[in-house]
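Novice: structure_9.cif is reproduced in full below (mmCIF, C-alpha atoms and all ligand atoms).
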```cif
data_target
loop_
_atom_site.label_atom_id
_atom_site.label_comp_id
_atom_site.auth_asym_id
_atom_site.auth_seq_id
_atom_site.Cartn_x
_atom_site.Cartn_y
_atom_site.Cartn_z
CA MET K 978 0.00 0.00 0.00
CA MET K 979 1.33 3.43 -0.87
CA SER K 980 1.67 5.61 2.19
CA THR K 981 0.54 9.21 2.13
CA LEU K 982 2.93 12.11 2.73
CA ALA K 983 1.24 12.65 6.11
CA GLN K 984 2.04 9.06 7.12
CA GLU K 985 5.62 9.37 5.85
CA ILE K 986 6.30 12.59 7.70
CA SER K 987 4.75 11.14 10.86
CA ASP K 988 7.26 8.28 10.59
CA LEU K 989 10.09 10.82 10.30
CA ALA K 990 8.79 12.79 13.30
CA VAL K 991 8.38 9.70 15.49
CA ARG K 992 11.97 8.66 14.77
CA ALA K 993 13.35 12.19 15.25
CA GLY K 994 11.26 12.59 18.41
CA ALA K 995 12.30 9.30 20.04
CA PRO K 996 13.53 10.03 23.60
CA ASP K 997 16.85 8.23 23.01
CA ALA K 998 17.63 10.45 20.00
CA ASP K 999 17.62 13.57 22.26
CA LEU K 1000 16.73 15.78 19.29
CA THR K 1001 13.47 17.19 20.75
CA ILE K 1002 11.31 16.93 23.88
CA LEU K 1003 7.68 17.99 24.51
CA ALA K 1004 6.46 20.05 21.51
CA GLU K 1005 9.95 21.06 20.37
CA GLY K 1006 11.05 20.82 16.76
CA ASN K 1007 9.14 20.31 13.55
CA ALA K 1008 9.33 18.97 10.04
CA ALA K 1009 7.77 19.67 6.66
CA VAL K 1010 7.43 18.03 3.25
CA LEU K 1011 6.72 19.70 -0.09
CA ASP K 1012 3.92 18.84 -2.54
CA ARG K 1013 5.30 21.01 -5.34
CA GLU K 1014 2.69 20.04 -7.94
CA ASN K 1015 -0.03 21.51 -5.76
CA ASP K 1016 1.99 24.52 -4.53
CA ARG K 1017 1.65 23.46 -0.90
CA PHE K 1018 3.50 21.72 1.90
CA LEU K 1019 2.66 19.75 5.04
CA VAL K 1020 4.09 21.14 8.26
CA LYS K 1021 3.63 20.16 11.91
CA ALA K 1022 0.66 21.76 13.63
CA SER K 1023 1.56 23.95 16.59
CA GLY K 1024 1.96 22.13 19.92
CA VAL K 1025 2.28 18.57 18.55
CA VAL K 1026 4.85 16.27 20.20
CA MET K 1027 7.14 14.96 17.42
CA GLY K 1028 7.51 11.49 18.94
CA GLU K 1029 3.73 11.01 19.05
CA ALA K 1030 2.80 12.57 15.67
CA THR K 1031 0.11 10.94 13.53
CA ALA K 1032 -1.29 11.88 10.09
CA GLU K 1033 -3.80 14.40 11.50
CA ASP K 1034 -1.05 16.34 13.33
CA TRP K 1035 0.09 17.96 10.03
CA VAL K 1036 -1.43 20.84 8.12
CA TRP K 1037 -1.31 22.00 4.51
CA VAL K 1038 0.04 25.52 3.92
CA SER K 1039 0.31 27.40 0.59
CA LEU K 1040 3.92 27.65 -0.64
CA SER K 1041 3.47 30.73 -2.84
CA ARG K 1042 1.61 32.68 -0.12
CA SER K 1043 4.43 31.86 2.32
CA VAL K 1044 7.10 32.94 -0.17
CA GLU K 1045 5.22 36.22 -0.78
CA ILE K 1046 5.47 37.08 2.93
CA LEU K 1047 9.17 36.22 3.04
CA ASP K 1048 9.97 38.21 -0.11
CA ASP K 1049 8.04 41.22 1.17
CA ALA K 1050 9.86 41.06 4.54
CA ASN K 1051 13.20 40.65 2.79
CA LYS K 1052 12.53 43.73 0.62
CA ASN K 1053 10.77 46.01 3.09
CA GLY K 1054 11.69 44.68 6.54
CA ARG K 1055 9.42 43.35 9.27
CA SER K 1056 6.16 45.25 9.88
CA PRO K 1057 2.96 44.76 11.92
CA ALA K 1058 1.10 44.15 8.63
CA LEU K 1059 3.47 41.31 7.71
CA ASP K 1060 3.28 39.81 11.21
CA LYS K 1061 -0.49 39.82 10.77
CA ALA K 1062 -0.24 38.25 7.28
CA LEU K 1063 1.95 35.47 8.72
CA ASP K 1064 -0.52 34.87 11.56
CA VAL K 1065 -3.40 34.60 9.06
CA LEU K 1066 -1.38 32.22 6.87
CA LEU K 1067 -0.50 29.95 9.81
CA LYS K 1068 -4.12 29.87 11.02
CA ASP K 1069 -5.55 29.21 7.54
CA ALA K 1070 -4.17 25.65 7.61
CA PHE K 1071 -5.98 22.32 7.42
CA THR K 1072 -5.08 18.71 8.23
CA PRO K 1073 -5.35 16.04 5.50
CA GLY K 1074 -8.76 15.24 7.06
CA GLY K 1075 -9.88 18.87 6.68
CA VAL K 1076 -9.65 19.99 10.31
CA GLN K 1077 -8.37 23.56 10.83
CA LYS K 1078 -5.27 23.74 13.07
CA LYS K 1079 -2.58 26.42 13.38
CA ALA K 1080 0.74 25.66 11.67
CA SER K 1081 4.02 25.83 13.62
CA ILE K 1082 5.40 29.32 14.35
CA GLU K 1083 8.68 28.07 12.77
CA THR K 1084 7.01 27.28 9.42
CA LEU K 1085 8.98 29.89 7.42
CA VAL K 1086 12.26 28.01 7.99
CA HIS K 1087 10.86 25.14 5.91
CA VAL K 1088 9.58 27.56 3.27
CA VAL K 1089 13.18 28.72 2.70
CA ALA K 1090 14.28 25.09 2.29
CA PHE K 1091 11.63 24.48 -0.39
CA HIS K 1092 11.94 27.83 -2.15
CA LEU K 1093 15.69 28.43 -2.06
CA LEU K 1094 17.53 25.20 -1.16
CA GLU K 1095 16.01 22.81 -3.72
CA SER K 1096 14.83 20.43 -1.00
CA SER K 1097 11.52 18.66 -0.56
CA TRP K 1098 12.03 17.49 3.05
CA SER K 1099 13.02 19.74 5.95
CA LEU K 1100 13.75 18.82 9.57
CA HIS K 1101 14.24 21.24 12.46
CA THR K 1102 15.29 19.97 15.93
CA HIS K 1103 16.91 21.16 19.18
CA PRO K 1104 19.64 18.52 19.81
CA THR K 1105 21.36 19.10 23.17
CA PRO K 1106 24.98 18.95 21.84
CA VAL K 1107 24.16 21.33 18.94
CA VAL K 1108 22.33 23.84 21.16
CA SER K 1109 25.19 23.63 23.69
CA LEU K 1110 27.60 24.85 21.00
CA ALA K 1111 25.07 27.31 19.55
CA ALA K 1112 24.60 28.83 23.03
CA SER K 1113 28.32 29.16 23.73
CA VAL K 1114 30.31 32.41 23.55
CA ASN K 1115 32.27 31.31 20.45
CA ALA K 1116 29.35 29.63 18.67
CA ALA K 1117 30.11 31.05 15.19
CA GLU K 1118 33.77 30.02 15.47
CA HIS K 1119 32.80 26.45 16.48
CA TYR K 1120 30.84 26.26 13.22
CA SER K 1121 33.43 27.85 10.92
CA GLY K 1122 34.37 24.46 9.44
CA THR K 1123 33.85 20.72 9.65
CA VAL K 1124 35.57 18.26 11.99
CA PHE K 1125 35.54 14.82 10.30
CA PRO K 1126 35.10 13.56 6.72
CA ASP K 1127 31.50 12.31 7.02
CA GLU K 1128 30.43 15.71 8.32
CA SER K 1129 31.91 17.37 5.18
CA VAL K 1130 30.22 14.82 2.90
CA ILE K 1131 26.79 14.54 4.55
CA CYS K 1132 26.34 17.99 6.14
CA GLY K 1133 28.34 19.92 3.52
CA PRO K 1134 31.87 21.35 3.81
CA ILE K 1135 30.81 24.66 5.40
CA PRO K 1136 28.04 24.94 8.01
CA LEU K 1137 25.81 28.02 8.00
CA TYR K 1138 25.67 29.61 11.46
CA LEU K 1139 22.98 32.22 12.07
CA PRO K 1140 22.75 34.41 15.19
CA TYR K 1141 19.64 34.16 17.39
CA ASP K 1142 16.33 35.47 16.03
CA GLU K 1143 12.91 35.53 17.66
CA PRO K 1144 10.70 32.65 16.37
CA GLY K 1145 8.18 33.87 13.80
CA LEU K 1146 8.80 36.40 11.02
CA SER K 1147 12.23 37.47 12.38
CA LEU K 1148 13.52 33.90 12.42
CA GLY K 1149 12.16 33.27 8.90
CA LEU K 1150 13.66 36.49 7.58
CA GLY K 1151 17.08 35.90 9.18
CA PHE K 1152 17.06 32.37 7.77
CA TYR K 1153 16.07 33.59 4.29
CA SER K 1154 18.66 36.36 4.05
CA GLY K 1155 21.33 34.10 5.61
CA ALA K 1156 20.70 31.38 3.02
CA ILE K 1157 20.79 33.94 0.17
CA ARG K 1158 24.15 35.30 1.40
CA TYR K 1159 25.57 31.79 1.79
CA LYS K 1160 24.57 30.84 -1.77
CA GLU K 1161 26.14 34.02 -3.15
CA GLN K 1162 29.34 33.47 -1.18
CA TYR K 1163 29.87 29.73 -1.76
CA GLY K 1164 27.83 28.95 -4.89
CA MET K 1165 26.09 25.99 -3.22
CA ASN K 1166 23.30 25.26 -0.77
CA PRO K 1167 24.01 24.96 2.97
CA ARG K 1168 23.18 21.43 4.19
CA GLN K 1169 23.54 22.10 7.93
CA ILE K 1170 22.15 25.34 9.37
CA ILE K 1171 22.84 26.16 13.01
CA LEU K 1172 20.47 28.62 14.69
CA GLY K 1173 22.21 30.54 17.48
CA ASN K 1174 20.82 29.70 20.98
CA HIS K 1175 18.19 27.56 19.27
CA GLY K 1176 18.82 24.49 17.13
CA LEU K 1177 19.55 22.70 13.88
CA CYS K 1178 17.99 22.57 10.39
CA THR K 1179 18.75 19.89 7.80
CA PHE K 1180 17.18 19.09 4.44
CA GLY K 1181 16.86 16.42 1.82
CA ASN K 1182 15.07 15.10 -1.17
CA GLY K 1183 13.84 12.25 0.98
CA LYS K 1184 13.11 11.92 4.68
CA GLU K 1185 16.10 9.59 5.21
CA GLU K 1186 18.49 12.24 3.88
CA ALA K 1187 17.03 14.91 6.17
CA LEU K 1188 17.26 12.61 9.22
CA ALA K 1189 20.72 11.19 8.43
CA THR K 1190 22.08 14.72 7.99
CA THR K 1191 20.71 15.60 11.44
CA GLN K 1192 22.25 12.46 12.96
CA ILE K 1193 25.71 13.22 11.52
CA ALA K 1194 25.38 16.87 12.59
CA VAL K 1195 24.67 15.71 16.15
CA LYS K 1196 27.66 13.40 16.10
CA ALA K 1197 29.79 16.28 14.77
CA ALA K 1198 28.53 18.49 17.61
CA ARG K 1199 29.57 15.87 20.18
CA ILE K 1200 32.99 15.70 18.53
CA ARG K 1201 33.33 19.49 18.76
CA LEU K 1202 32.43 19.37 22.46
CA GLY K 1203 34.97 16.58 22.98
CA ALA K 1204 37.66 18.47 21.08
CA LEU K 1205 36.97 21.60 23.14
CA THR K 1206 37.54 19.62 26.36
CA ALA K 1207 40.74 18.18 24.83
CA GLY K 1208 42.34 21.54 24.14
CA GLY K 1209 40.39 23.00 21.19
CA ILE K 1210 38.92 22.20 17.76
CA ASN K 1211 41.25 21.49 14.84
CA PHE K 1212 39.04 21.83 11.72
CA ILE K 1213 39.65 19.93 8.49
CA PRO K 1214 41.29 22.51 6.18
CA ASN K 1215 38.50 24.13 4.17
CA SER K 1216 39.88 23.20 0.75
CA ALA K 1217 40.20 19.55 1.81
CA ALA K 1218 36.63 19.57 3.18
CA GLN K 1219 35.34 20.98 -0.12
CA THR K 1220 37.36 18.47 -2.15
CA ILE K 1221 35.96 15.47 -0.29
CA ALA K 1222 32.40 16.84 -0.30
CA PHE K 1223 32.40 17.09 -4.10
CA ARG K 1224 34.26 13.88 -4.98
CA PRO K 1225 31.92 11.69 -7.10
CA ASP K 1226 32.59 8.57 -5.00
CA GLU K 1227 31.74 10.51 -1.84
CA ILE K 1228 28.53 11.88 -3.38
CA ALA K 1229 27.57 8.29 -4.25
CA ARG K 1230 28.42 7.25 -0.68
CA ARG K 1231 26.26 10.06 0.68
CA ALA K 1232 23.32 8.68 -1.31
CA LEU K 1233 23.99 5.22 0.16
CA LEU K 1234 24.42 6.50 3.72
CA THR K 1235 21.28 8.56 3.64
CA GLY K 1236 19.35 5.61 2.19
CA ASP K 1237 16.56 7.29 0.16
CA LYS K 1238 15.44 5.17 -2.78
ZN ZN G 1301 13.03 25.51 17.08
#
```
Represent the structure of the file as structure tokens.

Specialist:
Amino acid sequence: MMSTLAQEISDLAVRAGAPDADLTILAEGNAAVLDRENDRFLVKASGVVMGEATAEDWVWVSLSRSVEILDDANKNGRSPALDKALDVLLKDAFTPGGVQKKASIETLVHVVAFHLLESSWSLHTHPTPVVSLAASVNAAEHYSGTVFPDESVICGPIPLYLPYDEPGLSLGLGFYSGAIRYKEQYGMNPRQIILGNHGLCTFGNGKEEALATTQIAVKAARIRLGALTAGGINFIPNSAAQTIAFRPDEIARRALLTGDK
């Protein structure tokens, strides 16, 4: 039997929200999946516990209406009118069964992934090791490079670190302009985005890729914390990280590791 997108994303959420994974607790974190043909995406409804998500815990939101709000904010800055437009957009959301529920306040992060980062799956979590680094005094420095080969290959050779923004339009706008700057600077998409004092965002063209990228990012965060207790982080030289990330055999290995068919 073919499973629906709502069932598939529930499976992703239950795995990401498992207590042992330590990626989210209570209603933390969220995920989204794109239905490009119909100009819409499914995102977690506000207040849902990831580890307990079922098909009716997700709501459809219009992609083009979301992008309009982001573009307007990016051009003209945040305003009460745009805050209101976002609130209306998030409330005008319906489960696959047609029940109206409010979409997550962090929805715009996923919109950037779909609109700008050529991804169809997006996962946002608050893993303790990642938030520990993102809440530290030298957070940006800790994410100025990668620390082991699989991080370069799976999470990309250069992480994108963004300073703290208030959840809602500010977070979405900071995420959007940060991703635009990163693409201009490096000519590629960020695969691991660290939100200062907040959490982690990873993406994929399948749910396995989005989850595997999170898992490697968490391992890489633990390695950073270990290296800091052992005298400091020694990053892989940037050129070497880029070389390995773009080697054809490593790209093939990434596809195998992340396991999407
Ligand atoms: Zn969050």

Novice: Just want the residues within 7 Å of ligand ZN 1301 (chain G), written as a ChimeraX atom specification, counting all atoms listed in the file.

Specialist: /K:1005-1006,1083,1101-1103,1175-1176

Novice: Can you tell me which residues surround range 1065-1074 of chain K at a distance of at most 10 Å, considering all atoms listed in the file, apart from same-chain residues fewer than 4 positions away, and format the answer as a PyMOL selection string?

Specialist: chain K and resi 981-983+1019-1023+1032-1039+1042-1043+1046+1059-1061+1078-1085

Novice: Counting only C-alpha atoms, which residue out of K:Leu1011, K:Met1165, K:Ala1189, K:Gly1209 sits closest to Leu1233 in chain K?

Specialist: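 Nearest to Leu1233 in chain K: K:Ala1189.
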
Novice: Select, from K:Ser1099, K:Asn1015, K:Asn1051, K:Asn1215, the residue with the minimum atom-to-atom distance to Leu1148 in chain K, counting all atoms listed in the file.

Specialist: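 For Leu1148 in chain K, the nearest of the candidates is K:Asn1051.
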
Novice: Which polymer residues, whether protein, DNA or RNA, lie within 7 Å of the coordinate (37.4, 23.4, 10.1) when you count all atoms listed in the file? List them as a list in words, using the chain letters and numbers from the file.

Specialist: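 The answer, in the requested form, is Ser1121, Gly1122, Thr1123, Val1124, Asn1211, Phe1212, Ile1213, Pro1214 and Asn1215 of chain K.
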
Novice: Closest to Ile1170 in chain K among K:Val1089, K:Ala1207, K:Leu1137, K:Leu1063, using all atoms listed in the file?

Specialist: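 Residue with the minimum atom-to-atom distance to Ile1170 in chain K: K:Leu1137.
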
Novice: Taking all atoms listed in the file into account, name the residue in K:Glu1227, K:Asp1142, K:Glu1185, K:Asp1012 that is nearest to Val1086 in chain K.

Specialist: K:Asp1142

Novice: Could you tell me how far CA of Asp997 in chain K sits from CA of Thr1105 in chain K, in Å to one decimal place?

Specialist: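 A separation of 11.8 Å between them.
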
Novice: Between K:Leu1205, K:Val1130, K:Leu1150, K:Ala1197, which is the closest to Ala1217 in chain K once you count only C-alpha atoms?

Specialist: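 Ranking K:Leu1205, K:Val1130, K:Leu1150, K:Ala1197 by distance to Ala1217 in chain K, first place goes to K:Val1130.
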